[in-house]
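Asks: Sharing a structure with you now.
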Amino acid sequence: DVKVTQSSRYLVKRTGEKVFLECVQDMDHENMFWYRQDPGLGLRLIYFSYDVKMKEKGDIPEGYSVSREKKERFSLILESASTNQTSMYLCASSSTTGTGGVGYTFGSGTRLTVV
Amino acid sequence: AQSVTQLGSHVSVSEGALVLLRCNYSSSVPPYLFWYVQYPNQGLQLLLKYTSAATLVKGINGFEAEFKKSETSFHLTKPSAHMSDAAEYFCAVSGPNNAGNMLTFGGGTRLMVKP
């Protein structure tokens with residue numbers, strides 16, 4: 001069964017800490033995405049990547065960075081965590097091949113609380 | 001540019017009643033359309049997708065959706081709601097020549113099922 005695995009389901013961090021959220025996929029997908037999800041705001045795209053070492057800003061990149069050193073792994077970094085970054089974080093991947101009907105495969109999410 | 005509108009951020013039905021979740025899209029090209037479901041504290045799971053084959057698409061858990069080009073709609077239905085259907089549902093669209101197969105998501109609809 002194909003999978004996108006997020007390393008933590010629940011995480012509690014202190015304000016000012018550097019936080020790493022890890023995402024690994026085993027489908028050899030080219031594209032990987034990080035979203036945050038907040039009540040009433042739906043899914044908001046933070047960053048995405050089309051290839052190794054490549055990254056593109058999404059709609060809300062401020063306060064975040066990403067790293068993609070290997071095709072299967074896409075890390076989201078909170079350089080200095082703040083309480084307004086308390087949220088559910090979702091990783092997804094997709095294939096570039098095909099003509100657009102492939103959709104995304106999502107991980108189970110990481111619920112991050114910054115105190 | 002593509003966009004998705006989900007009418008009703010919250011929908012409440014009684015167990016056994018018809019479920020109807022509305023999705024309208026805007027796309028300059030024939031779209032690919034998706035419905036995802038998210039159970040509490042989990043990631044998004046693909047429910048069904050339309051990729052220009054049959055306009056009536058059947059998905060998992062008894063859900064189906066009909067693509068209506070004239071109405072630019074892709075509403076999700078289920079004849080008889082079950083308590084386990086309580087979740088958040090997201091409609092999404094991508095285009096056939098969309099680089100990276102990027103999806104645009106609607107704001108989500110939370111389905112509540114009353115006993």
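By convention in this document, the chains of the structure tokens carry letters A, B, ... by their order, each chain's residues are numbered from 1, and ligands are numbered from 1 in the order they are shown.
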Distance limit 12 Å, atoms considered: only C-alpha atoms. Which chain B residues sit that close to chain A? Return them as a VMD selection string.

Replies: chain B and resid 4 to 6 8 to 10 29 to 53 88 to 110

Asks: Write a file of the selected residues as a short mmCIF file (atom, residue, chain, number, x, y, z; two decimals), in the first residue's frame, keeping N, CA and C atoms.

Replies:
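Output saved as again_34.cif:
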```cif
data_model
loop_
_atom_site.label_atom_id
_atom_site.label_comp_id
_atom_site.auth_asym_id
_atom_site.auth_seq_id
_atom_site.Cartn_x
_atom_site.Cartn_y
_atom_site.Cartn_z
N VAL B 4 -12.59 26.63 -6.62
CA VAL B 4 -13.62 25.69 -6.17
C VAL B 4 -14.41 26.35 -5.05
N THR B 5 -15.72 26.24 -5.12
CA THR B 5 -16.59 26.77 -4.09
C THR B 5 -17.43 25.65 -3.53
N GLN B 6 -17.36 25.47 -2.24
CA GLN B 6 -18.22 24.49 -1.57
C GLN B 6 -19.27 25.27 -0.80
N GLY B 8 -21.86 25.91 1.86
CA GLY B 8 -22.18 25.36 3.17
C GLY B 8 -20.94 24.81 3.85
N SER B 9 -20.46 25.51 4.86
CA SER B 9 -19.29 25.01 5.57
C SER B 9 -19.69 23.91 6.56
N HIS B 10 -20.97 23.88 6.93
CA HIS B 10 -21.50 22.84 7.81
C HIS B 10 -22.82 22.33 7.25
N VAL B 29 -10.32 25.15 -18.64
CA VAL B 29 -10.11 23.94 -19.43
C VAL B 29 -10.93 22.82 -18.79
N PRO B 30 -11.19 21.76 -19.55
CA PRO B 30 -11.91 20.64 -18.93
C PRO B 30 -11.17 20.16 -17.70
N PRO B 31 -11.85 20.07 -16.59
CA PRO B 31 -11.15 19.80 -15.34
C PRO B 31 -11.09 18.34 -14.97
N TYR B 32 -10.19 18.05 -14.05
CA TYR B 32 -10.27 16.84 -13.26
C TYR B 32 -10.80 17.25 -11.89
N LEU B 33 -11.69 16.48 -11.32
CA LEU B 33 -12.34 16.85 -10.07
C LEU B 33 -12.23 15.72 -9.06
N PHE B 34 -12.11 16.10 -7.82
CA PHE B 34 -11.86 15.15 -6.74
C PHE B 34 -12.73 15.49 -5.53
N TRP B 35 -13.08 14.46 -4.78
CA TRP B 35 -13.61 14.63 -3.44
C TRP B 35 -12.71 13.85 -2.49
N TYR B 36 -12.32 14.55 -1.41
CA TYR B 36 -11.54 13.93 -0.35
C TYR B 36 -12.36 13.98 0.94
N VAL B 37 -12.12 13.01 1.82
CA VAL B 37 -12.76 12.98 3.13
C VAL B 37 -11.68 12.99 4.20
N GLN B 38 -11.96 13.72 5.27
CA GLN B 38 -11.02 13.78 6.40
C GLN B 38 -11.76 13.45 7.68
N TYR B 39 -11.42 12.35 8.29
CA TYR B 39 -11.97 11.99 9.60
C TYR B 39 -11.18 12.71 10.67
N PRO B 40 -11.74 12.87 11.85
CA PRO B 40 -11.10 13.66 12.91
C PRO B 40 -9.66 13.24 13.17
N ASN B 41 -8.79 14.22 13.19
CA ASN B 41 -7.38 14.03 13.49
C ASN B 41 -6.68 13.08 12.54
N GLN B 42 -7.11 13.08 11.30
CA GLN B 42 -6.47 12.26 10.28
C GLN B 42 -6.18 13.12 9.05
N GLY B 43 -5.43 12.54 8.12
CA GLY B 43 -5.19 13.21 6.85
C GLY B 43 -6.37 13.05 5.91
N LEU B 44 -6.23 13.57 4.70
CA LEU B 44 -7.29 13.47 3.71
C LEU B 44 -7.16 12.18 2.93
N GLN B 45 -8.33 11.60 2.63
CA GLN B 45 -8.37 10.32 1.92
C GLN B 45 -9.22 10.51 0.66
N LEU B 46 -8.75 10.01 -0.47
CA LEU B 46 -9.50 10.15 -1.71
C LEU B 46 -10.80 9.36 -1.65
N LEU B 47 -11.90 10.05 -1.93
CA LEU B 47 -13.23 9.44 -1.93
C LEU B 47 -13.60 8.99 -3.35
N LEU B 48 -13.38 9.90 -4.30
CA LEU B 48 -13.64 9.58 -5.71
C LEU B 48 -13.05 10.69 -6.57
N LYS B 49 -12.97 10.39 -7.89
CA LYS B 49 -12.44 11.41 -8.80
C LYS B 49 -13.09 11.27 -10.18
N TYR B 50 -13.20 12.40 -10.84
CA TYR B 50 -13.70 12.46 -12.21
C TYR B 50 -12.53 12.81 -13.12
N THR B 51 -12.32 11.96 -14.14
CA THR B 51 -11.19 12.21 -15.05
C THR B 51 -11.65 12.09 -16.49
N SER B 52 -12.84 12.58 -16.80
CA SER B 52 -13.40 12.70 -18.14
C SER B 52 -13.90 11.39 -18.72
N ALA B 53 -14.07 10.39 -17.93
CA ALA B 53 -14.70 9.15 -18.40
C ALA B 53 -16.21 9.30 -18.11
N GLU B 88 -15.07 15.81 7.57
CA GLU B 88 -14.99 16.99 6.73
C GLU B 88 -14.68 16.54 5.30
N TYR B 89 -15.34 17.18 4.35
CA TYR B 89 -15.23 16.80 2.95
C TYR B 89 -14.70 17.97 2.13
N PHE B 90 -13.72 17.66 1.28
CA PHE B 90 -13.10 18.68 0.45
C PHE B 90 -13.26 18.33 -1.02
N CYS B 91 -13.68 19.32 -1.79
CA CYS B 91 -13.72 19.20 -3.24
C CYS B 91 -12.46 19.86 -3.80
N ALA B 92 -11.90 19.31 -4.88
CA ALA B 92 -10.68 19.87 -5.45
C ALA B 92 -10.71 19.74 -6.97
N VAL B 93 -9.97 20.61 -7.65
CA VAL B 93 -9.93 20.63 -9.11
C VAL B 93 -8.50 20.75 -9.59
N SER B 94 -8.19 20.08 -10.70
CA SER B 94 -6.94 20.32 -11.41
C SER B 94 -7.23 20.28 -12.90
N GLY B 95 -6.34 20.87 -13.68
CA GLY B 95 -6.55 20.91 -15.12
C GLY B 95 -5.69 19.87 -15.81
N PRO B 96 -6.02 19.53 -17.04
CA PRO B 96 -5.31 18.46 -17.74
C PRO B 96 -3.87 18.80 -18.06
N ASN B 97 -3.55 20.07 -18.20
CA ASN B 97 -2.19 20.44 -18.52
C ASN B 97 -1.55 21.20 -17.37
N ASN B 98 -2.03 20.90 -16.19
CA ASN B 98 -1.59 21.62 -15.01
C ASN B 98 -0.24 21.07 -14.58
N ALA B 99 0.77 21.88 -14.72
CA ALA B 99 2.12 21.43 -14.37
C ALA B 99 2.16 20.95 -12.92
N GLY B 100 2.68 19.78 -12.74
CA GLY B 100 2.78 19.24 -11.40
C GLY B 100 1.47 18.72 -10.87
N ASN B 101 0.43 18.73 -11.71
CA ASN B 101 -0.87 18.23 -11.26
C ASN B 101 -1.34 18.91 -9.99
N MET B 102 -1.19 20.23 -9.92
CA MET B 102 -1.57 20.97 -8.73
C MET B 102 -3.08 20.95 -8.55
N LEU B 103 -3.48 20.75 -7.31
CA LEU B 103 -4.89 20.79 -6.97
C LEU B 103 -5.24 22.12 -6.33
N THR B 104 -6.44 22.60 -6.63
CA THR B 104 -7.02 23.74 -5.92
C THR B 104 -8.17 23.21 -5.09
N PHE B 105 -8.16 23.47 -3.78
CA PHE B 105 -9.15 22.92 -2.87
C PHE B 105 -10.23 23.94 -2.55
N GLY B 106 -11.43 23.41 -2.31
CA GLY B 106 -12.49 24.22 -1.74
C GLY B 106 -12.27 24.37 -0.24
N GLY B 107 -13.11 25.16 0.39
CA GLY B 107 -12.94 25.46 1.81
C GLY B 107 -13.36 24.34 2.75
N GLY B 108 -13.99 23.32 2.21
CA GLY B 108 -14.39 22.19 3.04
C GLY B 108 -15.81 22.32 3.56
N THR B 109 -16.45 21.17 3.75
CA THR B 109 -17.79 21.10 4.35
C THR B 109 -17.76 20.05 5.45
N ARG B 110 -18.14 20.48 6.64
CA ARG B 110 -18.19 19.52 7.76
C ARG B 110 -19.58 18.90 7.80
#
```

Asks: List the neighbours of A:Lys18 out to 9 Å using only C-alpha atoms; skip same-chain residues closer than 6 positions along the sequence, and give me the result as a short mmCIF file (atom, residue, chain, number, x, y, z; two decimals) with all heavy atoms, in the first residue's frame.

Replies:
```cif
data_model
loop_
_atom_site.label_atom_id
_atom_site.label_comp_id
_atom_site.auth_asym_id
_atom_site.auth_seq_id
_atom_site.Cartn_x
_atom_site.Cartn_y
_atom_site.Cartn_z
N ILE A 77 10.30 23.28 8.19
CA ILE A 77 11.06 23.81 9.31
C ILE A 77 10.42 25.10 9.81
O ILE A 77 10.15 26.01 9.01
CB ILE A 77 12.52 24.07 8.89
CG1 ILE A 77 13.14 22.78 8.35
CG2 ILE A 77 13.34 24.60 10.07
CD1 ILE A 77 14.32 23.01 7.43
N LEU A 78 10.16 25.13 11.10
CA LEU A 78 9.73 26.36 11.75
C LEU A 78 10.95 26.92 12.44
O LEU A 78 11.44 26.35 13.42
CB LEU A 78 8.62 26.09 12.77
CG LEU A 78 7.21 25.77 12.23
CD1 LEU A 78 7.17 24.45 11.46
CD2 LEU A 78 6.20 25.79 13.36
N GLU A 79 11.51 28.00 11.91
CA GLU A 79 12.79 28.50 12.38
C GLU A 79 12.73 28.94 13.85
O GLU A 79 13.65 28.70 14.62
CB GLU A 79 13.24 29.67 11.51
CG GLU A 79 13.51 29.28 10.06
CD GLU A 79 14.74 28.41 9.89
OE1 GLU A 79 15.58 28.37 10.82
OE2 GLU A 79 14.88 27.76 8.83
N SER A 80 11.64 29.57 14.22
CA SER A 80 11.44 30.00 15.61
C SER A 80 9.94 29.93 15.88
O SER A 80 9.19 30.84 15.52
CB SER A 80 11.97 31.42 15.80
OG SER A 80 11.72 31.87 17.12
N ALA A 81 9.53 28.83 16.47
CA ALA A 81 8.09 28.56 16.59
C ALA A 81 7.39 29.65 17.39
O ALA A 81 7.91 30.16 18.39
CB ALA A 81 7.88 27.21 17.25
#
```

Asks: Could you give me, as an MDAnalysis selection string, each residue of chain A that DSSP assigns to strand (DSSP E) when run on this structure's backbone?

Replies: chainID A and resid 4:6 10:13 19:21 23:25 31:38 42:49 56:57 64:70 73:78 87:94 105:106 110:114

Asks: Need the shell around stretch 15-24 of chain B: protein/DNA/RNA residues with any atom at most 7 Å away, counting only C-alpha atoms. Skip same-chain ones fewer than 3 positions apart. Format as number ranges by chain?

Replies: B: 4-7, 72-83, 91, 113-115

Asks: Given the selection you just returned, output its residues as a file containing N, CA, C and O atoms, formatted as a PDB file, in the first residue's frame.

Replies:
```pdb
ATOM      1  N   VAL B   4     -12.595  26.627  -6.616  1.00  0.00           N
ATOM      2  CA  VAL B   4     -13.620  25.690  -6.167  1.00  0.00           C
ATOM      3  C   VAL B   4     -14.410  26.346  -5.046  1.00  0.00           C
ATOM      4  O   VAL B   4     -13.822  26.922  -4.129  1.00  0.00           O
ATOM      5  N   THR B   5     -15.717  26.244  -5.124  1.00  0.00           N
ATOM      6  CA  THR B   5     -16.590  26.772  -4.085  1.00  0.00           C
ATOM      7  C   THR B   5     -17.435  25.648  -3.526  1.00  0.00           C
ATOM      8  O   THR B   5     -18.131  24.952  -4.270  1.00  0.00           O
ATOM      9  N   GLN B   6     -17.363  25.466  -2.235  1.00  0.00           N
ATOM     10  CA  GLN B   6     -18.222  24.491  -1.570  1.00  0.00           C
ATOM     11  C   GLN B   6     -19.274  25.270  -0.796  1.00  0.00           C
ATOM     12  O   GLN B   6     -18.944  26.052   0.103  1.00  0.00           O
ATOM     13  N   LEU B   7     -20.514  25.091  -1.177  1.00  0.00           N
ATOM     14  CA  LEU B   7     -21.615  25.809  -0.536  1.00  0.00           C
ATOM     15  C   LEU B   7     -21.961  25.136   0.778  1.00  0.00           C
ATOM     16  O   LEU B   7     -22.328  23.967   0.805  1.00  0.00           O
ATOM     17  N   THR B  72     -21.311  23.558 -14.121  1.00  0.00           N
ATOM     18  CA  THR B  72     -19.955  23.581 -13.502  1.00  0.00           C
ATOM     19  C   THR B  72     -20.028  23.072 -12.069  1.00  0.00           C
ATOM     20  O   THR B  72     -19.530  23.706 -11.134  1.00  0.00           O
ATOM     21  N   SER B  73     -20.657  21.919 -11.930  1.00  0.00           N
ATOM     22  CA  SER B  73     -20.833  21.363 -10.586  1.00  0.00           C
ATOM     23  C   SER B  73     -20.326  19.934 -10.504  1.00  0.00           C
ATOM     24  O   SER B  73     -20.229  19.230 -11.514  1.00  0.00           O
ATOM     25  N   PHE B  74     -20.038  19.528  -9.294  1.00  0.00           N
ATOM     26  CA  PHE B  74     -19.586  18.160  -9.013  1.00  0.00           C
ATOM     27  C   PHE B  74     -20.045  17.831  -7.591  1.00  0.00           C
ATOM     28  O   PHE B  74     -19.258  17.661  -6.677  1.00  0.00           O
ATOM     29  N   HIS B  75     -21.332  17.752  -7.401  1.00  0.00           N
ATOM     30  CA  HIS B  75     -21.915  17.540  -6.073  1.00  0.00           C
ATOM     31  C   HIS B  75     -21.752  16.100  -5.619  1.00  0.00           C
ATOM     32  O   HIS B  75     -21.883  15.161  -6.405  1.00  0.00           O
ATOM     33  N   LEU B  76     -21.539  15.943  -4.338  1.00  0.00           N
ATOM     34  CA  LEU B  76     -21.334  14.622  -3.727  1.00  0.00           C
ATOM     35  C   LEU B  76     -22.625  14.172  -3.052  1.00  0.00           C
ATOM     36  O   LEU B  76     -23.235  14.958  -2.323  1.00  0.00           O
ATOM     37  N   THR B  77     -23.021  12.935  -3.288  1.00  0.00           N
ATOM     38  CA  THR B  77     -24.251  12.437  -2.684  1.00  0.00           C
ATOM     39  C   THR B  77     -24.056  11.043  -2.096  1.00  0.00           C
ATOM     40  O   THR B  77     -23.151  10.304  -2.492  1.00  0.00           O
ATOM     41  N   LYS B  78     -24.927  10.734  -1.153  1.00  0.00           N
ATOM     42  CA  LYS B  78     -25.037   9.386  -0.603  1.00  0.00           C
ATOM     43  C   LYS B  78     -26.489   9.202  -0.216  1.00  0.00           C
ATOM     44  O   LYS B  78     -27.051  10.058   0.464  1.00  0.00           O
ATOM     45  N   PRO B  79     -27.126   8.115  -0.646  1.00  0.00           N
ATOM     46  CA  PRO B  79     -28.564   7.963  -0.424  1.00  0.00           C
ATOM     47  C   PRO B  79     -28.962   7.928   1.051  1.00  0.00           C
ATOM     48  O   PRO B  79     -30.010   8.442   1.422  1.00  0.00           O
ATOM     49  N   SER B  80     -28.117   7.330   1.892  1.00  0.00           N
ATOM     50  CA  SER B  80     -28.510   7.118   3.277  1.00  0.00           C
ATOM     51  C   SER B  80     -27.308   7.345   4.184  1.00  0.00           C
ATOM     52  O   SER B  80     -26.342   6.571   4.164  1.00  0.00           O
ATOM     53  N   ALA B  81     -27.360   8.400   4.981  1.00  0.00           N
ATOM     54  CA  ALA B  81     -26.229   8.751   5.846  1.00  0.00           C
ATOM     55  C   ALA B  81     -26.071   7.767   6.989  1.00  0.00           C
ATOM     56  O   ALA B  81     -27.053   7.282   7.569  1.00  0.00           O
ATOM     57  N   HIS B  82     -24.815   7.521   7.319  1.00  0.00           N
ATOM     58  CA  HIS B  82     -24.471   6.688   8.468  1.00  0.00           C
ATOM     59  C   HIS B  82     -23.667   7.531   9.438  1.00  0.00           C
ATOM     60  O   HIS B  82     -22.995   8.482   9.035  1.00  0.00           O
ATOM     61  N   MET B  83     -23.752   7.172  10.691  1.00  0.00           N
ATOM     62  CA  MET B  83     -23.024   7.945  11.716  1.00  0.00           C
ATOM     63  C   MET B  83     -21.540   8.049  11.375  1.00  0.00           C
ATOM     64  O   MET B  83     -20.891   9.075  11.628  1.00  0.00           O
ATOM     65  N   CYS B  91     -13.676  19.316  -1.789  1.00  0.00           N
ATOM     66  CA  CYS B  91     -13.717  19.201  -3.241  1.00  0.00           C
ATOM     67  C   CYS B  91     -12.456  19.860  -3.795  1.00  0.00           C
ATOM     68  O   CYS B  91     -11.962  20.847  -3.229  1.00  0.00           O
ATOM     69  N   VAL B 113     -23.873  14.062  11.393  1.00  0.00           N
ATOM     70  CA  VAL B 113     -24.951  13.089  11.252  1.00  0.00           C
ATOM     71  C   VAL B 113     -25.607  12.904  12.613  1.00  0.00           C
ATOM     72  O   VAL B 113     -24.953  12.478  13.577  1.00  0.00           O
ATOM     73  N   LYS B 114     -26.888  13.205  12.669  1.00  0.00           N
ATOM     74  CA  LYS B 114     -27.636  13.101  13.929  1.00  0.00           C
ATOM     75  C   LYS B 114     -28.297  11.737  14.034  1.00  0.00           C
ATOM     76  O   LYS B 114     -28.826  11.230  13.058  1.00  0.00           O
ATOM     77  N   PRO B 115     -28.302  11.177  15.236  1.00  0.00           N
ATOM     78  CA  PRO B 115     -28.934   9.860  15.390  1.00  0.00           C
ATOM     79  C   PRO B 115     -30.454   9.939  15.282  1.00  0.00           C
ATOM     80  O   PRO B 115     -31.041  10.996  15.437  1.00  0.00           O
TER      81      PRO B 115
END
```
